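Novice: Questions regarding the structure given below will be posed in turn.
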Amino acid sequence: MPTPSKAGAGAKRQPGRPRHVPQRTCVGCRSTAAKRGFVRVVRTPEGQVVVDPTGKANGRGAYLCASPSCWEVALKRGRLAQSLRATIAEEDRGALAQYAAGLAPDEPAADPPATGV
Ligand SMILES: [Zn+2]
């Protein structure tokens, strides 16, 4: 019994899977994901670097996972400053570190869990 293969005949659109999802890159771990789930950090026109909870603030923005480890890398290795092309002032850095400290330590799925021996 041959299987009827409908090749090319189906020009139907498949609803439910929107292609138009903007991808962002975390400046800490470099992983990409949809915008949702990332925290935006913005360099304001005044030169401050602050967390932008609304995601709509004016200025150059960078994205980070809501994971403290990514923030640590981004801050300590200067990746955030590099991405924003800004110098992060000590007080701004302190505020960002404080924000990171309040995040739940939720690791991305990139690292396999170390179970067993
Ligand atoms: Zn990350």
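Please note that chains go A, B, ... in the order of the structure tokens, that every chain numbers its residues from 1, and that ligands are numbered from 1 in the order shown.
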How would you report the residues lying within 8 Å of ligand 1, as a PDB file with C-alpha atoms, in the first residue's frame, if you count only C-alpha atoms and all ligand atoms?
Specialist:
```pdb
ATOM      1  CA  THR A  25      21.535  38.172  22.708  1.00  0.00           C
ATOM      2  CA  CYS A  26      22.556  38.139  26.334  1.00  0.00           C
ATOM      3  CA  VAL A  27      25.787  40.074  26.746  1.00  0.00           C
ATOM      4  CA  GLY A  28      26.742  37.749  29.586  1.00  0.00           C
ATOM      5  CA  CYS A  29      26.400  34.247  28.183  1.00  0.00           C
ATOM      6  CA  ARG A  30      25.804  35.160  24.512  1.00  0.00           C
ATOM      7  CA  SER A  31      22.784  32.957  24.281  1.00  0.00           C
ATOM      8  CA  LEU A  64      20.823  40.128  29.858  1.00  0.00           C
ATOM      9  CA  CYS A  65      19.277  36.927  31.109  1.00  0.00           C
ATOM     10  CA  ALA A  66      17.519  37.182  34.419  1.00  0.00           C
ATOM     11  CA  SER A  67      20.385  35.176  35.813  1.00  0.00           C
ATOM     12  CA  SER A  69      25.811  34.771  36.658  1.00  0.00           C
ATOM     13  CA  CYS A  70      25.231  36.576  33.377  1.00  0.00           C
ATOM     14  CA  TRP A  71      25.183  39.913  35.159  1.00  0.00           C
ATOM     15  CA  PRO A 108      20.122  28.581  31.512  1.00  0.00           C
TER      16      PRO A 108
END
```
Novice: When you draw a straight line from CA of Gln23 (chain A) to CA of Val50 (chain A), how long is it in Å?
Specialist: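 Value for the CA of Gln23 (chain A)-CA of Val50 (chain A) distance: 21.3 Å.
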Novice: For Gly55 (chain A), which residue among A:Ala95, A:Leu103, A:Ala86, A:Val41 is the nearest when counting only C-alpha atoms?
Specialist: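 Result for the nearest residue to Gly55 (chain A): A:Val41.
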Novice: Please give the complete set of residues from region 61-98 of chain A that DSSP, run on the backbone, assigns to helix (DSSP H, G or I), formatted as a list in words.
Specialist: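 Taking region 61-98 of chain A and keeping helix (DSSP H, G or I) gives Pro68, Ser69, Cys70, Trp71, Glu72, Val73, Ala74, Leu75, Lys76, Arg79, Leu80, Ala81, Gln82, Ser83, Leu84, Glu90, Glu91, Asp92, Arg93, Gly94, Ala95, Leu96, Ala97 and Gln98 of chain A.
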Novice: Determine, counting only C-alpha atoms, which protein, DNA and RNA residues have an atom within 7 Å of an atom of region 56-63 of chain A; residues of the same chain fewer than 6 positions away are not included. Present the result as a ChimeraX atom specification.
Specialist: /A:24-27,38-45,83-84
Novice: Atoms to include: C-alpha atoms. Write the selected residues as a short mmCIF file (atom, residue, chain, number, x, y, z; two decimals), in the first residue's frame.
Specialist:
```cif
data_model
loop_
_atom_site.label_atom_id
_atom_site.label_comp_id
_atom_site.auth_asym_id
_atom_site.auth_seq_id
_atom_site.Cartn_x
_atom_site.Cartn_y
_atom_site.Cartn_z
CA ARG A 24 18.09 39.10 21.59
CA THR A 25 21.53 38.17 22.71
CA CYS A 26 22.56 38.14 26.33
CA VAL A 27 25.79 40.07 26.75
CA PHE A 38 15.62 39.16 29.11
CA VAL A 39 16.24 42.23 31.16
CA ARG A 40 17.09 45.34 29.26
CA VAL A 41 19.81 47.66 30.42
CA VAL A 42 19.94 51.04 28.84
CA ARG A 43 22.44 53.81 28.56
CA THR A 44 20.48 56.94 29.10
CA PRO A 45 21.13 60.13 27.13
CA SER A 83 28.01 46.49 24.36
CA LEU A 84 26.66 49.86 25.40
#
```
Novice: Quick one: everything within 8 Å of Gln48 (chain A), counting only C-alpha atoms, minus sequence neighbours fewer than 6 positions away in the same chain. Send it as number ranges by chain.
Specialist: A: 88-89, 92
Novice: Run DSSP on the backbone of this structure and report the residues of region 54-90 of chain A it assigns to strand (DSSP E or B), as a list in words.
Specialist: Arg60, Gly61, Ala62, Tyr63, Leu64 and Cys65 of chain A
Novice: Only N, CA and C atoms, please: the residues just picked out, written as a PDB file, in the first residue's frame.
Specialist:
```
ATOM      1  N   ARG A  60      20.718  53.561  24.078  1.00  0.00           N
ATOM      2  CA  ARG A  60      21.267  52.311  23.587  1.00  0.00           C
ATOM      3  C   ARG A  60      21.029  51.224  24.619  1.00  0.00           C
ATOM      4  N   GLY A  61      20.547  50.090  24.171  1.00  0.00           N
ATOM      5  CA  GLY A  61      20.188  49.042  25.121  1.00  0.00           C
ATOM      6  C   GLY A  61      21.006  47.779  24.949  1.00  0.00           C
ATOM      7  N   ALA A  62      21.088  47.026  26.017  1.00  0.00           N
ATOM      8  CA  ALA A  62      21.712  45.715  25.979  1.00  0.00           C
ATOM      9  C   ALA A  62      20.801  44.769  26.740  1.00  0.00           C
ATOM     10  N   TYR A  63      20.929  43.486  26.444  1.00  0.00           N
ATOM     11  CA  TYR A  63      20.039  42.530  27.078  1.00  0.00           C
ATOM     12  C   TYR A  63      20.818  41.506  27.872  1.00  0.00           C
ATOM     13  N   LEU A  64      20.206  41.118  28.982  1.00  0.00           N
ATOM     14  CA  LEU A  64      20.823  40.128  29.858  1.00  0.00           C
ATOM     15  C   LEU A  64      19.763  39.146  30.328  1.00  0.00           C
ATOM     16  N   CYS A  65      20.159  37.901  30.500  1.00  0.00           N
ATOM     17  CA  CYS A  65      19.277  36.927  31.109  1.00  0.00           C
ATOM     18  C   CYS A  65      18.951  37.378  32.533  1.00  0.00           C
TER      19      CYS A  65
END
```
Novice: As an exercise, work out the distance from CA of Thr32 (chain A) to CA of Glu90 (chain A) in Å and give it to one decimal place.
Specialist: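 Taking CA of Thr32 (chain A) as the start and CA of Glu90 (chain A) as the end point, the length is 28.3 Å.
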Novice: Find, counting only C-alpha atoms, the residue in A:Thr87, A:Val73, A:Gln82, A:Ala101 that gets nearest to Glu46 (chain A).
Specialist: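 Ranking A:Thr87, A:Val73, A:Gln82, A:Ala101 by distance to Glu46 (chain A), first place goes to A:Thr87.
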Novice: What is the distance, in Å and to one decimal place, between CA of Gly37 (chain A) and CA of Gly78 (chain A)?
Specialist: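 The value is 22.0 Å.
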